[in-house]
Number of protein chains: 2
Amino acid sequence: MKIIIIGATGTLGKAIVEELGTRHEIVRAGRSGADVQVDITSLDSVKAMYAHVGAVDAVICAAGNVHFGALTDITPGQYEIGLKDKLMGQVNLVLAGQQIINDGGSFTLISGVLSDDPIRWGSSASMVNAAIDAFAKAAAIELPRGIRINSVSPTVFTESMDKYGAFFRGFKPVAVADAALAFAKSVEGAQTGKTFVVL
Amino acid sequence: MKIIIIGATGTLGKAIVEELGTRHEIVRAGRSGADVQVDITSLDSVKAMYAHVGAVDAVICAAGNVHFGALTDITPGQYEIGLKDKLMGQVNLVLAGQQIINDGGSFTLISGVLSDDPIRWGSSASMVNAAIDAFAKAAAIELPRGIRINSVSPTVFTESMDKYGAFFRGFKPVAVADAALAFAKSVEGAQTGKTFVVL
(Lines give C-alpha, C1' and ligand atoms only; values in the text may rest on other atoms or scores of the structure.)
Protein backbone atom coordinates (compact mmCIF):
# COMPACT_ATOMS: atom_id res chain seq x y z
CA MET A 1 0.00 0.00 0.00
CA LYS A 2 0.98 3.63 -0.45
CA ILE A 3 0.42 5.32 2.90
CA ILE A 4 0.75 8.99 3.78
CA ILE A 5 1.51 9.71 7.44
CA ILE A 6 0.90 13.27 8.63
CA GLY A 7 2.97 14.11 11.70
CA ALA A 8 5.50 11.48 10.63
CA THR A 9 8.44 13.12 12.39
CA GLY A 10 6.87 13.22 15.86
CA THR A 11 7.19 10.63 18.62
CA LEU A 12 4.09 8.73 17.52
CA GLY A 13 4.62 9.32 13.81
CA LYS A 14 8.11 7.80 13.87
CA ALA A 15 6.77 4.68 15.60
CA ILE A 16 4.03 4.32 12.96
CA VAL A 17 6.62 4.69 10.18
CA GLU A 18 8.65 1.97 11.87
CA GLU A 19 5.63 -0.34 12.22
CA LEU A 20 4.30 0.07 8.67
CA GLY A 21 7.45 1.02 6.75
CA THR A 22 8.75 -2.53 6.32
CA ARG A 23 5.59 -3.64 4.50
CA HIS A 24 4.39 -0.49 2.71
CA GLU A 25 5.46 2.56 0.74
CA ILE A 26 5.39 5.48 3.20
CA VAL A 27 5.14 9.19 2.40
CA ARG A 28 6.09 11.27 5.42
CA ALA A 29 4.24 14.58 5.82
CA GLY A 30 4.50 17.24 8.47
CA ARG A 31 4.90 20.90 9.31
CA SER A 32 8.64 20.64 8.59
CA GLY A 33 11.44 18.14 8.13
CA ALA A 34 9.33 15.52 6.31
CA ASP A 35 9.03 14.51 2.64
CA VAL A 36 6.03 16.81 2.13
CA GLN A 37 5.18 19.99 3.99
CA VAL A 38 1.61 20.53 5.18
CA ASP A 39 -0.31 22.73 7.58
CA ILE A 40 -3.44 20.69 8.34
CA THR A 41 -5.29 23.75 9.69
CA SER A 42 -5.48 24.98 6.09
CA LEU A 43 -7.70 23.04 3.68
CA ASP A 44 -5.73 24.56 0.80
CA SER A 45 -2.45 23.29 2.25
CA VAL A 46 -4.00 19.82 2.66
CA LYS A 47 -5.25 19.86 -0.94
CA ALA A 48 -1.78 20.90 -2.15
CA MET A 49 -0.24 18.02 -0.18
CA TYR A 50 -2.57 15.49 -1.81
CA ALA A 51 -2.02 17.01 -5.27
CA HIS A 52 1.72 16.62 -4.77
CA VAL A 53 1.56 13.04 -3.45
CA GLY A 54 -1.18 11.67 -5.72
CA ALA A 55 -3.53 8.80 -4.95
CA VAL A 56 -2.87 6.86 -1.74
CA ASP A 57 -4.36 3.76 -0.11
CA ALA A 58 -4.24 5.06 3.44
CA VAL A 59 -4.08 8.40 5.23
CA ILE A 60 -2.78 8.34 8.78
CA CYS A 61 -2.70 11.35 11.06
CA ALA A 62 -0.43 11.52 14.09
CA ALA A 63 -0.54 15.31 14.43
CA GLY A 64 -2.68 17.85 16.23
CA ASN A 65 -2.30 20.50 18.91
CA VAL A 66 -4.59 21.41 21.79
CA HIS A 67 -4.16 23.96 24.57
CA PHE A 68 -4.00 22.79 28.18
CA GLY A 69 -5.25 25.24 30.78
CA ALA A 70 -7.34 25.53 33.94
CA LEU A 71 -11.08 25.84 33.38
CA THR A 72 -11.11 29.03 35.43
CA ASP A 73 -8.57 30.73 33.13
CA ILE A 74 -8.99 29.19 29.68
CA THR A 75 -10.40 31.44 26.96
CA PRO A 76 -12.54 30.73 23.89
CA GLY A 77 -9.47 31.56 21.80
CA GLN A 78 -7.50 28.85 23.56
CA TYR A 79 -10.24 26.28 22.91
CA GLU A 80 -10.09 27.44 19.29
CA ILE A 81 -6.52 26.08 19.01
CA GLY A 82 -7.64 22.49 19.52
CA LEU A 83 -10.77 22.92 17.40
CA LYS A 84 -8.83 24.38 14.46
CA ASP A 85 -5.77 22.16 14.71
CA LYS A 86 -6.33 18.66 16.14
CA LEU A 87 -10.06 18.51 15.27
CA MET A 88 -10.66 20.44 12.03
CA GLY A 89 -7.10 19.75 10.83
CA GLN A 90 -7.93 16.06 10.79
CA VAL A 91 -11.39 16.71 9.33
CA ASN A 92 -9.66 18.64 6.53
CA LEU A 93 -7.57 15.54 5.80
CA VAL A 94 -10.80 13.56 5.31
CA LEU A 95 -12.76 16.24 3.41
CA ALA A 96 -10.02 16.68 0.81
CA GLY A 97 -8.74 13.11 1.03
CA GLN A 98 -12.06 11.46 0.13
CA GLN A 99 -11.55 12.83 -3.39
CA ILE A 100 -8.08 11.35 -3.96
CA ILE A 101 -7.93 8.18 -1.87
CA ASN A 102 -8.14 4.85 -3.71
CA ASP A 103 -11.22 2.60 -3.55
CA GLY A 104 -11.18 0.65 -0.30
CA GLY A 105 -8.67 3.08 1.22
CA SER A 106 -8.68 4.16 4.85
CA PHE A 107 -8.29 7.17 7.10
CA THR A 108 -6.93 6.73 10.61
CA LEU A 109 -7.12 9.72 12.95
CA ILE A 110 -5.55 10.33 16.35
CA SER A 111 -7.65 11.20 19.41
CA GLY A 112 -6.74 10.29 23.00
CA VAL A 113 -7.77 8.90 26.37
CA LEU A 114 -8.91 12.24 27.83
CA SER A 115 -12.20 11.97 25.93
CA ASP A 116 -13.26 9.52 28.60
CA ASP A 117 -10.82 9.90 31.49
CA PRO A 118 -10.34 13.62 32.14
CA ILE A 119 -7.50 15.39 33.93
CA ARG A 120 -7.20 18.89 35.37
CA TRP A 121 -6.39 21.44 32.63
CA GLY A 122 -7.59 18.98 29.99
CA SER A 123 -11.11 20.17 29.10
CA SER A 124 -10.07 21.23 25.60
CA ALA A 125 -8.35 17.91 24.91
CA SER A 126 -11.35 15.98 26.25
CA MET A 127 -13.71 17.90 23.98
CA VAL A 128 -11.54 17.57 20.89
CA ASN A 129 -10.69 13.88 21.33
CA ALA A 130 -14.35 12.92 21.80
CA ALA A 131 -15.28 14.98 18.75
CA ILE A 132 -12.69 13.13 16.64
CA ASP A 133 -13.95 9.69 17.73
CA ALA A 134 -17.55 10.68 17.00
CA PHE A 135 -16.62 12.23 13.66
CA ALA A 136 -14.90 8.98 12.61
CA LYS A 137 -17.98 6.98 13.63
CA ALA A 138 -20.28 9.31 11.68
CA ALA A 139 -18.07 9.73 8.60
CA ALA A 140 -17.73 5.94 8.30
CA ILE A 141 -21.38 5.59 7.25
CA GLU A 142 -21.09 8.24 4.52
CA LEU A 143 -17.76 7.50 2.86
CA PRO A 144 -18.22 6.02 -0.64
CA ARG A 145 -16.24 3.36 -2.59
CA GLY A 146 -15.49 1.13 0.41
CA ILE A 147 -13.38 3.82 2.04
CA ARG A 148 -12.99 3.26 5.79
CA ILE A 149 -12.24 5.57 8.72
CA ASN A 150 -11.19 4.86 12.32
CA SER A 151 -9.57 6.70 15.19
CA VAL A 152 -6.86 5.60 17.61
CA SER A 153 -7.25 6.77 21.20
CA PRO A 154 -4.08 6.12 23.20
CA THR A 155 -3.30 6.96 26.81
CA VAL A 156 -0.10 8.87 27.62
CA PHE A 157 3.09 7.42 26.07
CA THR A 158 5.95 6.02 28.12
CA GLU A 159 8.24 8.09 25.87
CA SER A 160 6.39 11.31 26.84
CA MET A 161 6.29 10.83 30.61
CA ASP A 162 9.23 13.18 31.19
CA LYS A 163 7.21 15.97 29.62
CA TYR A 164 3.62 15.08 30.57
CA GLY A 165 3.92 12.73 33.55
CA ALA A 166 3.00 15.43 36.07
CA PHE A 167 -0.36 15.94 34.34
CA PHE A 168 -1.09 12.21 34.12
CA ARG A 169 -0.46 10.98 37.64
CA GLY A 170 -1.90 7.52 38.11
CA PHE A 171 -2.16 6.82 34.38
CA LYS A 172 -0.31 3.70 33.26
CA PRO A 173 1.64 4.78 30.17
CA VAL A 174 1.91 2.66 27.02
CA ALA A 175 4.89 2.33 24.71
CA VAL A 176 4.39 4.41 21.57
CA ALA A 177 5.09 1.21 19.57
CA ASP A 178 1.87 -0.25 21.04
CA ALA A 179 -0.11 2.75 19.79
CA ALA A 180 1.52 2.26 16.37
CA LEU A 181 0.10 -1.27 16.30
CA ALA A 182 -3.42 0.15 16.49
CA PHE A 183 -2.73 2.19 13.35
CA ALA A 184 -1.63 -1.01 11.60
CA LYS A 185 -4.87 -2.68 12.75
CA SER A 186 -6.90 0.18 11.31
CA VAL A 187 -5.02 0.32 7.98
CA GLU A 188 -4.46 -3.38 7.38
CA GLY A 189 -7.66 -4.65 9.00
CA ALA A 190 -11.21 -4.21 7.72
CA GLN A 191 -13.08 -2.37 10.49
CA THR A 192 -14.62 1.06 10.04
CA GLY A 193 -16.22 3.66 12.31
CA LYS A 194 -14.24 2.27 15.22
CA THR A 195 -12.14 3.86 17.95
CA PHE A 196 -9.15 1.69 18.84
CA VAL A 197 -8.43 2.47 22.47
CA VAL A 198 -4.80 1.85 23.52
CA LEU A 199 -4.49 1.63 27.31
CA MET B 1 -33.90 27.94 43.05
CA LYS B 2 -33.33 30.72 40.55
CA ILE B 3 -32.78 29.07 37.18
CA ILE B 4 -31.83 30.66 33.86
CA ILE B 5 -32.88 28.72 30.77
CA ILE B 6 -31.19 29.67 27.51
CA GLY B 7 -33.30 28.73 24.50
CA ALA B 8 -36.39 28.93 26.67
CA THR B 9 -38.75 29.72 23.80
CA GLY B 10 -37.89 26.67 21.69
CA THR B 11 -39.64 23.29 21.65
CA LEU B 12 -37.35 21.82 24.32
CA GLY B 13 -36.97 25.07 26.26
CA LYS B 14 -40.71 25.44 26.73
CA ALA B 15 -40.98 21.89 28.05
CA ILE B 16 -38.18 22.56 30.55
CA VAL B 17 -39.90 25.76 31.70
CA GLU B 18 -43.09 23.76 32.19
CA GLU B 19 -41.27 21.02 34.15
CA LEU B 20 -39.28 23.31 36.46
CA GLY B 21 -41.48 26.43 36.49
CA THR B 22 -43.92 25.21 39.15
CA ARG B 23 -41.14 24.70 41.71
CA HIS B 24 -38.55 27.34 40.82
CA GLU B 25 -38.02 30.93 39.72
CA ILE B 26 -37.27 30.81 35.99
CA VAL B 27 -35.50 33.44 33.89
CA ARG B 28 -36.11 32.81 30.19
CA ALA B 29 -33.24 33.74 27.87
CA GLY B 30 -32.90 33.45 24.11
CA ARG B 31 -32.03 35.10 20.84
CA SER B 32 -35.40 36.90 20.85
CA GLY B 33 -38.81 36.86 22.48
CA ALA B 34 -37.58 35.84 25.96
CA ASP B 35 -37.05 37.80 29.22
CA VAL B 36 -33.37 38.37 28.42
CA GLN B 37 -31.70 38.52 25.00
CA VAL B 38 -28.48 36.63 24.44
CA ASP B 39 -26.30 35.41 21.57
CA ILE B 40 -24.37 32.50 23.08
CA THR B 41 -21.76 32.59 20.29
CA SER B 42 -20.51 35.84 21.85
CA LEU B 43 -18.79 35.62 25.23
CA ASP B 44 -19.50 39.33 25.72
CA SER B 45 -23.21 38.78 25.11
CA VAL B 46 -23.20 35.90 27.61
CA LYS B 47 -21.43 38.06 30.20
CA ALA B 48 -23.96 40.84 29.65
CA MET B 49 -26.80 38.36 30.16
CA TYR B 50 -25.36 37.19 33.46
CA ALA B 51 -24.68 40.77 34.59
CA HIS B 52 -28.32 41.61 33.89
CA VAL B 53 -29.76 38.53 35.63
CA GLY B 54 -27.40 38.36 38.61
CA ALA B 55 -26.50 35.24 40.58
CA VAL B 56 -28.38 32.05 39.73
CA ASP B 57 -28.50 28.53 41.15
CA ALA B 58 -28.72 26.75 37.82
CA VAL B 59 -27.91 27.44 34.18
CA ILE B 60 -29.73 25.32 31.61
CA CYS B 61 -29.07 25.43 27.90
CA ALA B 62 -31.59 24.19 25.35
CA ALA B 63 -30.11 26.11 22.41
CA GLY B 64 -27.51 25.47 19.73
CA ASN B 65 -27.32 25.18 15.96
CA VAL B 66 -25.39 22.76 13.79
CA HIS B 67 -25.30 22.36 10.02
CA PHE B 68 -26.52 19.13 8.44
CA GLY B 69 -24.92 18.17 5.13
CA ALA B 70 -23.45 15.27 3.19
CA LEU B 71 -19.83 14.43 3.99
CA THR B 72 -18.96 14.78 0.29
CA ASP B 73 -20.23 18.38 0.18
CA ILE B 74 -19.83 19.84 3.66
CA THR B 75 -17.21 22.57 4.10
CA PRO B 76 -15.00 23.56 7.03
CA GLY B 77 -17.11 26.73 7.30
CA GLN B 78 -20.24 24.64 7.73
CA TYR B 79 -18.61 22.58 10.51
CA GLU B 80 -17.67 25.93 12.05
CA ILE B 81 -21.38 26.71 12.60
CA GLY B 82 -21.81 23.86 15.06
CA LEU B 83 -18.42 24.45 16.70
CA LYS B 84 -19.13 28.16 17.26
CA ASP B 85 -22.80 27.85 18.18
CA LYS B 86 -23.86 24.59 19.86
CA LEU B 87 -20.37 23.73 21.20
CA MET B 88 -18.54 26.96 22.05
CA GLY B 89 -21.83 28.77 22.74
CA GLN B 90 -22.47 26.36 25.59
CA VAL B 91 -18.82 26.47 26.68
CA ASN B 92 -19.18 30.27 26.86
CA LEU B 93 -22.13 29.81 29.23
CA VAL B 94 -19.86 27.80 31.55
CA LEU B 95 -16.72 29.97 31.22
CA ALA B 96 -18.61 33.15 32.17
CA GLY B 97 -21.16 31.42 34.38
CA GLN B 98 -18.62 29.86 36.75
CA GLN B 99 -17.94 33.40 38.03
CA ILE B 100 -21.55 34.28 38.87
CA ILE B 101 -23.27 30.99 39.75
CA ASN B 102 -24.01 30.34 43.42
CA ASP B 103 -22.09 27.74 45.48
CA GLY B 104 -23.43 24.29 44.70
CA GLY B 105 -25.06 25.53 41.51
CA SER B 106 -25.27 23.54 38.30
CA PHE B 107 -24.87 23.78 34.55
CA THR B 108 -26.90 21.50 32.28
CA LEU B 109 -26.00 21.45 28.59
CA ILE B 110 -27.79 19.94 25.61
CA SER B 111 -26.09 17.43 23.31
CA GLY B 112 -27.90 14.64 21.41
CA VAL B 113 -28.05 11.02 20.35
CA LEU B 114 -26.00 11.46 17.14
CA SER B 115 -22.78 11.41 19.18
CA ASP B 116 -23.21 7.68 19.38
CA ASP B 117 -25.80 6.73 16.76
CA PRO B 118 -24.92 8.58 13.54
CA ILE B 119 -27.15 9.37 10.57
CA ARG B 120 -26.36 10.46 7.01
CA TRP B 121 -25.65 14.22 6.86
CA GLY B 122 -25.02 14.24 10.63
CA SER B 123 -21.21 14.25 10.95
CA SER B 124 -21.15 17.80 12.32
CA ALA B 125 -23.84 17.03 14.90
CA SER B 126 -22.08 13.81 15.92
CA MET B 127 -18.82 15.66 16.45
CA VAL B 128 -20.39 18.54 18.36
CA ASN B 129 -22.62 16.41 20.60
CA ALA B 130 -19.75 14.13 21.62
CA ALA B 131 -17.59 17.19 22.33
CA ILE B 132 -20.28 18.63 24.63
CA ASP B 133 -20.63 15.38 26.61
CA ALA B 134 -16.84 15.11 27.02
CA PHE B 135 -16.54 18.78 27.96
CA ALA B 136 -19.13 18.32 30.71
CA LYS B 137 -17.29 15.27 32.03
CA ALA B 138 -13.97 17.15 32.03
CA ALA B 139 -15.27 20.46 33.39
CA ALA B 140 -16.96 18.63 36.28
CA ILE B 141 -13.61 17.79 37.88
CA GLU B 142 -12.38 21.40 37.72
CA LEU B 143 -15.41 23.44 38.77
CA PRO B 144 -14.95 24.95 42.26
CA ARG B 145 -17.41 25.58 45.15
CA GLY B 146 -19.46 22.42 44.64
CA ILE B 147 -20.62 23.59 41.24
CA ARG B 148 -21.87 20.72 39.07
CA ILE B 149 -22.19 20.19 35.32
CA ASN B 150 -24.04 17.58 33.25
CA SER B 151 -25.32 17.16 29.72
CA VAL B 152 -28.61 15.82 28.43
CA SER B 153 -28.44 13.73 25.25
CA PRO B 154 -31.91 13.11 23.83
CA THR B 155 -32.94 11.27 20.70
CA VAL B 156 -35.26 12.99 18.20
CA PHE B 157 -38.42 14.50 19.73
CA THR B 158 -41.91 13.30 18.88
CA GLU B 159 -42.82 16.97 18.47
CA SER B 160 -40.08 17.44 15.83
CA MET B 161 -40.83 14.38 13.68
CA ASP B 162 -42.71 16.45 11.09
CA LYS B 163 -39.54 18.41 10.48
CA TYR B 164 -36.78 15.85 11.10
CA GLY B 165 -38.46 12.45 10.76
CA ALA B 166 -37.06 11.82 7.30
CA PHE B 167 -33.50 12.10 8.65
CA PHE B 168 -34.20 9.83 11.63
CA ARG B 169 -35.86 6.79 10.04
CA GLY B 170 -35.96 3.92 12.51
CA PHE B 171 -35.33 6.14 15.54
CA LYS B 172 -38.00 5.85 18.24
CA PRO B 173 -38.81 9.45 19.17
CA VAL B 174 -39.32 10.62 22.76
CA ALA B 175 -41.76 13.23 24.01
CA VAL B 176 -39.98 16.49 24.69
CA ALA B 177 -41.46 16.37 28.21
CA ASP B 178 -39.35 13.26 28.86
CA ALA B 179 -36.19 15.13 27.87
CA ALA B 180 -37.27 17.95 30.21
CA LEU B 181 -37.30 15.42 33.07
CA ALA B 182 -33.60 14.77 32.51
CA PHE B 183 -32.92 18.49 33.00
CA ALA B 184 -34.82 18.31 36.31
CA LYS B 185 -32.72 15.31 37.33
CA SER B 186 -29.53 17.24 36.55
CA VAL B 187 -30.61 20.44 38.35
CA GLU B 188 -32.42 18.96 41.35
CA GLY B 189 -30.26 15.84 41.73
CA ALA B 190 -26.65 15.66 42.88
CA GLN B 191 -24.73 14.01 40.03
CA THR B 192 -21.96 15.73 38.11
CA GLY B 193 -19.91 14.98 34.98
CA LYS B 194 -22.77 12.83 33.74
CA THR B 195 -24.53 12.56 30.38
CA PHE B 196 -28.22 11.80 30.85
CA VAL B 197 -29.22 9.88 27.72
CA VAL B 198 -32.93 10.15 26.85
CA LEU B 199 -33.97 7.40 24.41
# chains A, B, ... in the order shown; residues from 1 in each chain; ligands from 1
call {"tool": "closest_atom_pairs", "arguments": {"of": "chain B", "to": "chain A", "cutoff": "7 Å", "atoms": "only C-alpha atoms", "output": "CSV"}}
result
residue,atom,partner,partner_atom,distance
B:Leu71,CA,A:Glu142,CA,6.3
B:Ser115,CA,A:Ala134,CA,5.7
B:Asp116,CA,A:Ala134,CA,6.8
B:Pro118,CA,A:Ala138,CA,5.1
B:Ile119,CA,A:Ala138,CA,7.0
B:Arg120,CA,A:Glu142,CA,6.2
B:Gly122,CA,A:Ala138,CA,6.9
B:Ser123,CA,A:Ala138,CA,5.1
B:Ser126,CA,A:Ala134,CA,5.6
B:Met127,CA,A:Ala131,CA,4.3
B:Val128,CA,A:Ala131,CA,6.2
B:Ala130,CA,A:Ala131,CA,5.4
B:Ala131,CA,A:Met127,CA,4.3
B:Ile132,CA,A:Met127,CA,6.6
B:Ala134,CA,A:Met127,CA,5.2
B:Phe135,CA,A:Met127,CA,5.0
B:Ala138,CA,A:Pro118,CA,5.1
B:Ala139,CA,A:Ser123,CA,6.0
B:Ile141,CA,A:Arg120,CA,7.0
B:Glu142,CA,A:Arg120,CA,6.2
call {"tool": "residues_around", "arguments": {"residues": "stretch 35-38 of chain A", "least_positions_apart": "5", "cutoff": "10 Å", "atoms": "only C-alpha atoms", "output": "list in words"}}
result
Ile4, Ile5, Ile6, Gly7, Ala8, Thr9, Ile26, Val27, Arg28, Ala29, Gly30, Leu43, Asp44, Ser45, Val46, Lys47, Ala48, Met49, Tyr50, His52 and Val53 of chain A
call {"tool": "select_by_dssp", "arguments": {"residues": "stretch 68-168 of chain A", "states": "strand (DSSP E)", "output": "ChimeraX atom specification"}}
result
/A:106-110,148-154
call {"tool": "atom_distance", "arguments": {"atom1": "atom CA of B:Gly82", "atom2": "atom CA of B:Val113"}}
result
15.2 Å
call {"tool": "atom_distance", "arguments": {"atom1": "atom CA of A:Gly104", "atom2": "atom CA of A:Asp57"}}
result
7.5 Å
call {"tool": "atom_distance", "arguments": {"atom1": "atom CA of B:Ala15", "atom2": "atom CA of B:Ala177"}}
result
5.5 Å
call {"tool": "select_by_dssp", "arguments": {"residues": "chain B", "states": "alpha helix (DSSP H)", "output": "VMD selection string"}}
result
chain B and resid 11 to 21 43 to 53 76 to 82 88 to 100 123 to 140 161 to 164 176 to 188
call {"tool": "residues_around", "arguments": {"residues": "B:Thr158", "least_positions_apart": "3", "cutoff": "6 Å", "atoms": "only C-alpha atoms", "output": "list in words"}}
result
Met161, Pro173, Val174 and Ala175 of chain B
call {"tool": "closest_residue", "arguments": {"among": "B:Leu12, B:Ile110, B:Val198, B:Val152", "to": "B:Val176", "atoms": "only C-alpha atoms"}}
result
B:Leu12
call {"tool": "closest_residue", "arguments": {"among": "A:Gly77, A:Gly193, A:Gly33, A:Gly21", "to": "A:Asn150", "atoms": "only C-alpha atoms"}}
result
A:Gly193
call {"tool": "residues_around", "arguments": {"residues": "A:Phe196", "least_positions_apart": "4", "cutoff": "7 Å", "atoms": "only C-alpha atoms", "output": "number ranges by chain"}}
result
A: 151-153, 182
call {"tool": "write_last_selection", "arguments": {"atoms": "all heavy atoms", "output": "PDB file, in the first residue's frame"}}
result
ATOM      1  N   SER A 151     -10.460   5.864  14.380  1.00  0.00           N
ATOM      2  CA  SER A 151      -9.565   6.696  15.188  1.00  0.00           C
ATOM      3  C   SER A 151      -8.813   5.797  16.167  1.00  0.00           C
ATOM      4  O   SER A 151      -9.271   4.697  16.490  1.00  0.00           O
ATOM      5  CB  SER A 151     -10.343   7.784  15.940  1.00  0.00           C
ATOM      6  OG  SER A 151     -11.332   7.233  16.779  1.00  0.00           O
ATOM      7  N   VAL A 152      -7.653   6.281  16.585  1.00  0.00           N
ATOM      8  CA  VAL A 152      -6.855   5.596  17.606  1.00  0.00           C
ATOM      9  C   VAL A 152      -6.791   6.516  18.824  1.00  0.00           C
ATOM     10  O   VAL A 152      -6.444   7.692  18.704  1.00  0.00           O
ATOM     11  CB  VAL A 152      -5.431   5.282  17.093  1.00  0.00           C
ATOM     12  CG1 VAL A 152      -4.558   4.724  18.218  1.00  0.00           C
ATOM     13  CG2 VAL A 152      -5.490   4.299  15.920  1.00  0.00           C
ATOM     14  N   SER A 153      -7.168   5.973  19.975  1.00  0.00           N
ATOM     15  CA  SER A 153      -7.245   6.767  21.203  1.00  0.00           C
ATOM     16  C   SER A 153      -6.306   6.199  22.255  1.00  0.00           C
ATOM     17  O   SER A 153      -6.690   5.358  23.062  1.00  0.00           O
ATOM     18  CB  SER A 153      -8.694   6.765  21.718  1.00  0.00           C
ATOM     19  OG  SER A 153      -8.799   7.538  22.890  1.00  0.00           O
ATOM     20  N   ALA A 182      -2.007  -0.134  16.739  1.00  0.00           N
ATOM     21  CA  ALA A 182      -3.420   0.153  16.493  1.00  0.00           C
ATOM     22  C   ALA A 182      -3.620   0.805  15.128  1.00  0.00           C
ATOM     23  O   ALA A 182      -4.643   0.584  14.464  1.00  0.00           O
ATOM     24  CB  ALA A 182      -3.975   1.044  17.607  1.00  0.00           C
TER      25      ALA A 182
END
